[in-house]
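Student: Dropping in protein.csv, which is CSV, C-alpha atoms:
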chain,number,residue,atom,x,y,z
A,233,MET,CA,0.0,0.0,0.0
A,234,ARG,CA,1.2,3.5,-0.8
A,235,LEU,CA,1.0,6.0,2.1
A,236,SER,CA,0.7,9.7,1.9
A,237,VAL,CA,0.2,12.8,4.1
A,238,LEU,CA,-2.7,15.2,4.4
A,239,ASP,CA,-1.8,18.2,6.6
A,240,GLN,CA,-3.8,21.2,7.8
A,241,ALA,CA,-1.0,22.9,9.7
A,242,PRO,CA,-3.0,22.6,13.0
A,243,ILE,CA,-2.4,25.4,15.6
A,244,THR,CA,-2.5,23.5,18.9
A,245,SER,CA,-3.0,25.3,22.2
A,246,GLY,CA,0.1,27.0,23.4
A,247,ASN,CA,1.5,27.3,19.9
A,248,THR,CA,1.5,30.0,17.1
A,249,ALA,CA,0.4,29.8,13.5
A,250,ALA,CA,4.0,30.4,12.4
A,251,GLU,CA,5.1,27.4,14.4
A,252,ALA,CA,2.4,25.3,12.9
A,253,LEU,CA,3.7,26.1,9.4
A,254,LEU,CA,7.3,25.2,10.4
A,255,LYS,CA,6.0,22.0,11.8
A,256,ALA,CA,4.4,21.2,8.4
A,257,GLU,CA,7.8,21.7,6.9
A,258,GLU,CA,9.3,19.3,9.5
A,259,LEU,CA,6.6,16.7,8.7
A,260,ALA,CA,7.3,17.0,4.9
A,261,ILE,CA,11.0,16.4,5.4
A,262,LEU,CA,10.3,13.3,7.5
A,263,ALA,CA,7.7,11.9,5.1
A,264,ASP,CA,10.1,12.4,2.3
A,265,GLU,CA,12.8,10.4,4.2
A,266,LEU,CA,10.3,7.7,5.1
A,267,GLY,CA,9.1,7.1,1.5
A,268,TYR,CA,5.6,8.6,1.6
A,269,THR,CA,4.2,9.1,-1.9
A,270,ARG,CA,2.8,12.7,-1.5
A,271,MET,CA,2.0,15.4,1.0
A,272,TRP,CA,-1.0,17.7,0.5
A,273,MET,CA,-1.9,20.9,2.3
A,274,ALA,CA,-5.6,21.6,3.0
A,275,GLU,CA,-7.2,25.0,2.7
A,276,HIS,CA,-9.0,26.6,5.7
A,277,HIS,CA,-10.2,30.1,6.2
A,278,GLY,CA,-11.5,32.1,9.2
A,279,THR,CA,-10.2,29.8,11.9
A,280,ASN,CA,-7.6,30.0,14.7
A,281,GLY,CA,-7.3,26.2,14.6
A,282,PHE,CA,-5.4,25.8,11.3
A,283,ALA,CA,-2.7,27.8,9.6
A,284,SER,CA,-3.1,26.3,6.1
A,285,SER,CA,-5.0,29.1,4.4
A,286,ALA,CA,-2.7,29.4,1.3
A,287,PRO,CA,-1.8,25.8,0.5
A,288,GLU,CA,-0.3,26.6,-2.9
A,289,ILE,CA,2.3,28.9,-1.2
A,290,THR,CA,3.1,26.3,1.4
A,291,ALA,CA,3.4,23.7,-1.3
A,292,ALA,CA,6.1,25.8,-3.1
A,293,HIS,CA,8.1,26.0,0.2
A,294,LEU,CA,7.7,22.3,0.9
A,295,ALA,CA,8.7,21.3,-2.6
A,296,ALA,CA,11.9,23.3,-2.1
A,297,LYS,CA,12.7,21.6,1.2
A,298,THR,CA,12.2,18.0,-0.1
A,299,LYS,CA,13.7,15.8,-2.7
A,300,ASN,CA,11.4,12.9,-3.8
A,301,ILE,CA,7.9,13.2,-2.3
A,302,ARG,CA,5.1,14.7,-4.4
A,303,ILE,CA,3.8,18.0,-3.0
A,304,GLY,CA,0.4,19.5,-3.6
A,305,THR,CA,-3.0,20.7,-2.4
A,306,GLY,CA,-5.8,18.7,-0.9
A,307,GLY,CA,-7.3,20.8,-2.0
A,308,VAL,CA,-7.4,24.3,-3.4
A,309,MET,CA,-11.0,25.4,-2.9
A,310,MET,CA,-12.0,26.3,-6.4
A,311,MET,CA,-15.0,28.6,-5.7
A,312,HIS,CA,-12.6,31.3,-4.6
A,313,TYR,CA,-10.4,31.5,-7.6
A,314,SER,CA,-10.4,32.0,-11.4
A,315,PRO,CA,-9.4,29.0,-13.5
A,316,LEU,CA,-6.8,31.1,-15.1
A,317,LYS,CA,-5.2,31.9,-11.8
A,318,LEU,CA,-5.3,28.3,-10.7
A,319,ALA,CA,-3.6,27.2,-14.0
A,320,GLU,CA,-0.9,29.9,-13.7
A,321,VAL,CA,-0.1,28.9,-10.0
A,322,PHE,CA,0.2,25.2,-10.6
A,323,LYS,CA,2.1,25.6,-13.9
A,324,THR,CA,4.6,27.7,-12.0
A,325,LEU,CA,4.9,25.2,-9.2
A,326,SER,CA,5.4,22.4,-11.8
A,327,ALA,CA,8.0,24.4,-13.6
A,328,PHE,CA,10.1,24.7,-10.4
A,329,SER,CA,9.5,21.1,-9.3
A,330,PRO,CA,8.7,19.1,-12.5
A,331,GLY,CA,7.2,15.6,-11.8
A,332,ARG,CA,6.5,16.4,-8.2
A,333,ILE,CA,3.5,18.7,-8.1
A,334,ASP,CA,-0.2,17.7,-7.5
A,335,PHE,CA,-3.1,20.0,-8.4
A,336,GLY,CA,-5.8,18.8,-6.0
A,337,VAL,CA,-9.1,20.7,-5.9
A,338,GLY,CA,-12.2,20.7,-3.9
A,339,ARG,CA,-15.7,22.2,-4.2
A,340,ALA,CA,-16.2,23.1,-0.5
A,341,PRO,CA,-15.7,26.6,0.8
A,342,GLY,CA,-13.1,25.8,3.4
A,343,GLY,CA,-14.5,28.4,5.8
A,344,ASP,CA,-17.6,30.0,7.2
A,345,ASN,CA,-20.0,32.4,5.4
A,346,ASN,CA,-18.0,35.5,6.5
A,347,SER,CA,-14.9,34.1,4.9
A,348,ILE,CA,-16.7,33.1,1.8
A,349,TYR,CA,-18.0,36.6,1.2
A,350,ALA,CA,-14.8,38.3,2.2
A,351,LEU,CA,-12.9,36.1,-0.4
A,352,SER,CA,-15.5,37.0,-3.1
A,353,GLU,CA,-15.3,40.7,-2.1
A,354,GLY,CA,-19.0,40.7,-1.1
A,355,ARG,CA,-20.2,39.2,-4.4
A,356,GLN,CA,-22.5,36.2,-4.5
A,357,PRO,CA,-20.2,33.2,-4.9
A,358,MET,CA,-20.8,30.9,-7.9
A,359,LEU,CA,-21.5,27.5,-6.4
A,360,ASP,CA,-22.9,25.6,-9.4
A,361,ASN,CA,-20.1,25.6,-11.9
A,362,MET,CA,-17.3,23.8,-10.0
A,363,TYR,CA,-16.8,21.0,-12.5
A,364,GLU,CA,-16.8,23.4,-15.4
A,365,LYS,CA,-14.3,25.6,-13.6
A,366,PHE,CA,-12.0,22.6,-13.0
A,367,ASP,CA,-12.3,21.5,-16.6
A,368,THR,CA,-11.3,25.0,-17.8
A,369,ALA,CA,-8.3,25.1,-15.5
A,370,LEU,CA,-7.2,21.7,-16.8
A,371,LYS,CA,-7.4,22.9,-20.4
A,372,LEU,CA,-5.4,26.0,-19.5
A,373,ILE,CA,-2.7,24.0,-17.7
A,374,ASN,CA,-2.5,21.7,-20.8
A,375,ASP,CA,-2.1,24.7,-23.1
A,376,GLU,CA,-5.5,24.0,-24.7
A,377,VAL,CA,-8.1,26.5,-25.7
A,378,PRO,CA,-11.1,26.3,-23.3
A,379,GLU,CA,-14.7,26.5,-24.7
A,380,ASP,CA,-15.6,29.2,-22.1
A,381,ARG,CA,-15.4,32.6,-24.0
A,382,LEU,CA,-14.0,34.3,-20.9
A,383,TYR,CA,-10.9,32.2,-21.1
A,384,ASN,CA,-10.4,31.2,-24.8
A,385,ARG,CA,-8.6,34.4,-25.8
A,386,THR,CA,-5.8,34.2,-23.3
A,387,ILE,CA,-3.1,31.7,-22.3
A,388,ALA,CA,-1.9,30.5,-18.9
A,389,THR,CA,1.9,31.0,-18.5
A,390,PRO,CA,4.4,29.5,-18.1
A,391,SER,CA,3.7,27.3,-21.2
A,392,HIS,CA,5.0,23.9,-22.2
A,393,ILE,CA,5.8,22.7,-18.7
A,394,GLN,CA,5.6,19.2,-17.3
A,395,LEU,CA,2.0,18.7,-16.2
A,396,PRO,CA,1.2,18.3,-12.6
A,397,GLU,CA,-0.9,15.3,-11.5
A,398,SER,CA,-4.5,16.5,-11.1
A,399,TRP,CA,-7.0,15.3,-8.5
A,400,LEU,CA,-10.6,15.9,-7.6
A,401,LEU,CA,-11.6,15.6,-4.0
A,402,GLY,CA,-15.0,14.2,-3.2
A,403,SER,CA,-17.3,11.9,-1.2
A,404,SER,CA,-20.0,10.9,-3.6
A,405,GLY,CA,-20.7,8.9,-6.8
A,406,SER,CA,-21.2,12.2,-8.7
A,407,SER,CA,-17.7,13.5,-8.0
A,408,ALA,CA,-16.2,10.1,-8.7
A,409,ARG,CA,-17.9,10.0,-12.1
A,410,LYS,CA,-16.7,13.5,-12.9
A,411,ALA,CA,-13.1,12.7,-11.9
A,412,ALA,CA,-13.2,9.7,-14.1
A,413,GLN,CA,-14.6,11.5,-17.1
A,414,MET,CA,-11.9,14.2,-16.8
A,415,GLY,CA,-9.1,11.7,-16.5
A,416,VAL,CA,-7.9,12.8,-13.1
A,417,GLY,CA,-7.2,11.1,-9.8
A,418,TYR,CA,-10.0,10.7,-7.2
A,419,SER,CA,-9.4,11.4,-3.5
A,420,PHE,CA,-12.2,10.2,-1.1
A,421,ALA,CA,-12.4,12.1,2.2
A,422,GLN,CA,-13.3,9.3,4.5
A,423,PHE,CA,-12.2,11.2,7.6
A,424,PHE,CA,-14.7,14.0,6.9
A,425,MET,CA,-18.1,12.4,6.5
A,426,GLY,CA,-17.4,8.7,6.1
A,427,GLY,CA,-19.7,6.9,3.7
A,428,MET,CA,-17.1,5.2,1.5
A,429,THR,CA,-18.6,2.4,-0.6
A,430,LYS,CA,-17.2,0.1,-3.2
A,431,ASP,CA,-19.9,1.4,-5.6
A,432,ILE,CA,-18.5,4.9,-5.4
A,433,LEU,CA,-15.0,3.8,-6.2
A,434,ASP,CA,-16.2,1.4,-8.9
A,435,GLU,CA,-18.1,4.3,-10.5
A,436,TYR,CA,-14.7,6.0,-10.9
A,437,ARG,CA,-12.8,3.0,-12.1
A,438,VAL,CA,-15.4,1.9,-14.7
A,439,ASN,CA,-15.8,5.4,-16.2
A,440,PHE,CA,-12.2,6.5,-16.2
A,441,GLN,CA,-10.9,8.0,-19.4
A,442,PRO,CA,-7.1,8.4,-19.8
A,443,SER,CA,-5.9,12.0,-20.1
A,444,ALA,CA,-2.7,14.0,-20.3
A,445,PHE,CA,-2.9,14.3,-16.5
A,446,MET,CA,-3.3,10.6,-15.7
A,447,GLU,CA,-3.0,7.4,-17.8
A,448,LYS,CA,-4.9,5.1,-15.5
A,449,PRO,CA,-7.3,5.3,-12.5
A,450,ASN,CA,-5.8,6.4,-9.3
A,451,ILE,CA,-7.7,6.5,-5.9
A,452,ASN,CA,-6.5,7.7,-2.5
A,453,VAL,CA,-8.6,7.7,0.6
A,454,ALA,CA,-8.0,10.2,3.4
A,455,TYR,CA,-8.1,8.9,7.0
A,456,LEU,CA,-7.8,10.6,10.4
A,457,VAL,CA,-5.4,8.5,12.4
A,458,THR,CA,-4.0,8.5,16.0
A,459,THR,CA,-1.6,5.7,16.8
A,460,ALA,CA,1.0,5.0,19.4
A,461,GLU,CA,3.0,2.0,20.7
A,462,THR,CA,0.1,1.0,23.0
A,463,ARG,CA,-3.6,1.4,22.7
A,464,GLU,CA,-3.7,3.2,26.0
A,465,GLU,CA,-1.3,5.9,24.8
A,466,ALA,CA,-3.2,6.2,21.5
A,467,GLU,CA,-6.5,6.8,23.3
A,468,TYR,CA,-4.8,9.4,25.5
A,469,GLU,CA,-3.4,11.3,22.4
A,470,ALA,CA,-6.7,10.9,20.5
A,471,LYS,CA,-9.0,12.5,23.1
A,472,PRO,CA,-8.2,16.2,22.2
A,473,GLN,CA,-9.1,15.5,18.6
A,474,ASP,CA,-12.3,13.7,19.6
A,475,ILE,CA,-13.3,16.8,21.6
A,476,ALA,CA,-12.3,19.1,18.7
A,477,ARG,CA,-14.6,17.2,16.3
A,478,LEU,CA,-17.3,17.3,18.9
A,479,LEU,CA,-17.1,21.0,19.2
A,480,MET,CA,-16.9,21.4,15.4
A,481,ARG,CA,-20.3,19.7,15.1
A,482,LYS,CA,-21.6,22.3,17.5
A,483,GLY,CA,-20.2,25.1,15.3
A,484,GLN,CA,-17.2,25.8,17.6
A,485,MET,CA,-13.7,25.9,16.1
A,486,GLY,CA,-10.8,26.4,18.4
A,487,GLN,CA,-7.2,25.3,19.1
A,488,LEU,CA,-6.6,21.6,20.0
A,489,LEU,CA,-6.4,20.9,23.7
A,490,THR,CA,-3.4,19.2,25.3
A,491,PRO,CA,-4.1,15.6,26.3
A,492,GLU,CA,-3.9,16.7,29.9
A,493,GLU,CA,-6.6,19.4,29.3
A,494,ALA,CA,-8.7,16.9,27.4
A,495,GLN,CA,-8.8,14.4,30.3
A,496,HIS,CA,-10.5,17.0,32.5
A,497,TYR,CA,-12.8,18.4,29.8
A,498,PRO,CA,-16.5,18.2,30.9
A,499,LEU,CA,-18.5,15.9,28.7
A,500,THR,CA,-22.2,15.0,29.0
A,501,GLU,CA,-23.4,11.4,28.3
A,502,ILE,CA,-24.6,12.7,24.9
A,503,ASP,CA,-21.1,14.1,24.2
A,504,GLN,CA,-19.5,10.8,25.1
A,505,LEU,CA,-21.9,8.9,22.8
A,506,THR,CA,-21.2,11.3,20.0
A,507,ILE,CA,-17.5,10.8,20.4
A,508,LYS,CA,-17.9,7.0,20.4
A,509,GLN,CA,-19.9,7.2,17.2
A,510,GLY,CA,-17.3,9.6,15.7
A,511,ARG,CA,-14.7,6.8,16.0
A,512,GLU,CA,-15.9,5.5,12.7
A,513,LEU,CA,-14.2,8.5,11.2
A,514,HIS,CA,-11.2,8.5,13.6
A,515,LEU,CA,-8.9,5.4,13.6
A,516,VAL,CA,-7.3,5.0,17.0
A,517,GLY,CA,-5.1,2.1,18.0
A,518,THR,CA,-1.7,0.5,17.8
A,519,PRO,CA,0.3,0.7,14.6
A,520,LYS,CA,-0.6,-3.0,13.8
A,521,GLU,CA,-4.3,-2.4,14.4
A,522,ILE,CA,-4.3,0.7,12.2
A,523,ALA,CA,-2.3,-1.1,9.5
A,524,THR,CA,-4.7,-4.1,9.6
A,525,LYS,CA,-7.7,-1.8,9.2
A,526,LEU,CA,-6.2,0.1,6.3
A,527,LEU,CA,-5.2,-3.1,4.5
A,528,GLU,CA,-8.7,-4.6,5.1
A,529,ASP,CA,-10.3,-1.5,3.7
A,530,GLN,CA,-8.0,-1.6,0.6
A,531,GLU,CA,-9.0,-5.2,0.0
A,532,LYS,CA,-12.7,-4.4,0.4
A,533,TYR,CA,-12.9,-1.1,-1.6
A,534,GLY,CA,-9.9,-1.4,-4.0
A,535,PHE,CA,-8.2,1.9,-3.5
A,536,ASP,CA,-4.5,2.5,-4.3
A,537,GLU,CA,-3.3,4.7,-1.5
A,538,ALA,CA,-4.1,5.7,2.1
A,539,MET,CA,-3.6,9.4,2.9
A,540,ILE,CA,-3.0,10.0,6.6
A,541,CYS,CA,-4.1,13.1,8.5
A,542,SER,CA,-2.9,13.0,12.1
A,543,ILE,CA,-3.2,15.8,14.7
A,544,PRO,CA,-1.8,14.9,18.2
A,545,HIS,CA,-1.1,18.0,20.2
A,546,SER,CA,2.7,17.3,20.4
A,547,GLN,CA,4.7,17.6,17.3
A,548,GLU,CA,6.9,14.7,18.3
A,549,LYS,CA,3.8,12.5,18.8
A,550,ARG,CA,2.5,13.5,15.4
A,551,LEU,CA,5.8,12.7,13.7
A,552,ASP,CA,5.7,9.3,15.6
A,553,VAL,CA,2.4,8.5,13.9
A,554,TYR,CA,4.0,8.7,10.5
A,555,ARG,CA,7.1,6.8,11.7
A,556,LEU,CA,5.1,4.0,13.2
A,557,LEU,CA,2.9,3.6,10.1
A,558,ALA,CA,5.9,3.6,7.8
A,559,LYS,CA,7.4,0.9,9.8
A,560,GLU,CA,4.3,-1.2,9.5
A,561,LEU,CA,3.3,-0.6,5.9
A,562,LEU,CA,6.5,0.7,4.1
A,563,ASN,CA,9.0,-1.4,6.0
A,564,LYS,CA,10.9,1.8,6.9
Can I see the file as structure tokens?

Tutor:
Amino acid sequence: MRLSVLDQAPITSGNTAAEALLKAEELAILADELGYTRMWMAEHHGTNGFASSAPEITAAHLAAKTKNIRIGTGGVMMMHYSPLKLAEVFKTLSAFSPGRIDFGVGRAPGGDNNSIYALSEGRQPMLDNMYEKFDTALKLINDEVPEDRLYNRTIATPSHIQLPESWLLGSSGSSARKAAQMGVGYSFAQFFMGGMTKDILDEYRVNFQPSAFMEKPNINVAYLVTTAETREEAEYEAKPQDIARLLMRKGQMGQLLTPEEAQHYPLTEIDQLTIKQGRELHLVGTPKEIATKLLEDQEKYGFDEAMICSIPHSQEKRLDVYRLLAKELLNK
């Protein structure tokens, strides 16, 4: 199984946003050394919990700091940007790091309504043209002339560069089918809402049409994982993230608690039940238990790669997650 990294540059309690970005750099360097396939930066706006608001800029920095690992976005939130700007940014990244850049896009806003309208300068965001926007960006990246009259009389520079791999993020049969028809990779966000089925991934495989961006179907699945040498330690490190997801469901976004703070956080019986149910989306256990679960899912659903998002409070514990999984699944 291929392993990859999804990072959000989490700002844990007692730390700063600048420190969070430097920790993303440290994680990228480690993942490169361990043999992870790719590292993607997410895009979040209007929160003090994550520092990854400009993933394409972070990607440029991480690509310069690493040697072999693919670097990209998981994903750029398309609704906020022109297809021309998307094409120019990722062609530039690919020109600097040919063969190592991933153009991953998503259709979600990546923030609350205040952020959405601020990013659109108060205009009503266009929410129903995401696939068309992606298609236009792909054509501009490939030095083709788009059908859209707004973009068919200009070019995206730099021209004639090695194409980045392109990916569509999603969690439904509709997005899987669109990714297949466009000939791009499909990334399923299992950690976000769950709901992965073989039918969704088969929809992608069956309908895939080779393109300049990808010759054959390619599926990765993003998981939220907390692991440690013992289950007890994994449970201890996982509780702050369980509470963070609980609060997010209540519309509250904040910085991740320390494990010590989490042990004393007041939880109602309903809260505890919600956390227990949320464990379907948060894999917690020993490295062997996590590896077994990932391999069983791969066998059941037929994906190619597991993308690991892990957010322990301590940076050293977070790095340990990736070390332990590499030892189990990459023999590193």

Student: Excluding segment 469-475 of chain A and its own-chain neighbours fewer than 5 positions away, which residues fall within 9 Å of it when counting all atoms listed in the file? Please give them as a ChimeraX atom specification.

Tutor: /A:457-460,464,480,488-495,497,499,503,507-508,510-511,514,516,543-546,549

Student: If we draw a sphere of 9 Å around (-18.5, 9.2, -7.3), which residues have at least one atom in it when counting only C-alpha atoms? Please report them as a ChimeraX atom specification.

Tutor: /A:402-412,418,420,431-436

Student: In terms of the shortest atom-to-atom distance over all atoms listed in the file, which of A:Ser443, A:Thr462, A:Gln530, A:Thr518 is closest to Asp367 of chain A?

Tutor: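 Comparing A:Ser443, A:Thr462, A:Gln530, A:Thr518 against Asp367 of chain A, the winner is A:Ser443.
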
Student: Write out as a PyMOL selection string each polymer residue whose atoms come within 9 Å of Phe424 of chain A, counting all atoms listed in the file; drop sequence neighbours fewer than 4 positions from it.

Tutor: chain A and resi 403+454-456+513

Student: Go through A:Met311, A:Leu556, A:Val453, A:Ala327 and flag the residue nearest Ala292 of chain A, using all atoms listed in the file for the distances.

Tutor: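 Closest candidate: A:Ala327.
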
Student: Record the distance separating atom CA of Arg437 of chain A and atom CA of Ser236 of chain A, expressed in Å with one decimal.

Tutor: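 Atom CA of Ser236 of chain A lies at a distance of 20.6 Å from atom CA of Arg437 of chain A.
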
Student: Find the spatial neighbours of Pro357 of chain A, counting all atoms listed in the file, within a cut-off of 10 Å - ignore same-chain residues fewer than 4 positions away - and output them as a ChimeraX atom specification.

Tutor: /A:311-312,341,348-349,351-353

Student: Please list as a list of chain:residue names every residue within 9 Å of Arg555 of chain A, counting all atoms listed in the file and excluding residues in the same chain fewer than 5 positions away.

Tutor: A:Leu262, A:Ala263, A:Leu266, A:Arg550, A:Glu560, A:Lys564

Student: For the point (-8.7, -2.5, -3.2) in file coordinates, what residues are within 12 Å, counting all atoms listed in the file? Give the answer as a ChimeraX atom specification?

Tutor: /A:233-234,429-430,433-434,437,450-453,526-538

Student: I'd like the interatomic distance between atom CA of Thr290 of chain A and atom CA of Pro396 of chain A, to a tenth of an Å.

Tutor: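 It comes out at 16.2 Å.
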
Student: Atom CA of Met425 of chain A and atom CA of Ala350 of chain A are how many Å apart?

Tutor: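 A separation of 26.5 Å between them.
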
Student: Contacts of Ala388 of chain A at 10 Å or less, counting only C-alpha atoms, minus same-chain residues fewer than 4 places along, as a ChimeraX atom specification?

Tutor: /A:315-321,323-324,369,371-376,383

Student: Which residue is closest to Gly486 of chain A? Choose from A:Asn280, A:Thr269, A:Thr368, A:Asn247 and count only C-alpha atoms.

Tutor: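 Nearest to Gly486 of chain A: A:Asn280.
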
Student: Between A:Arg332, A:Lys520, A:Arg463, A:His293, which one has atoms that come closest to Leu254 of chain A, using only C-alpha atoms?

Tutor: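 Closest to Leu254 of chain A, using only C-alpha atoms: A:His293.
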
Student: Restricting the calculation to all atoms listed in the file: of A:Gln422, A:Gln487, A:Thr305, A:Ser542, which residue gets closest to Thr248 of chain A?

Tutor: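 For Thr248 of chain A, the nearest of the candidates is A:Gln487.
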
Student: Tell me which of A:Glu275, A:Glu257, A:Glu397, A:Glu364 sits closest to Phe322 of chain A, counting only C-alpha atoms.

Tutor: A:Glu397
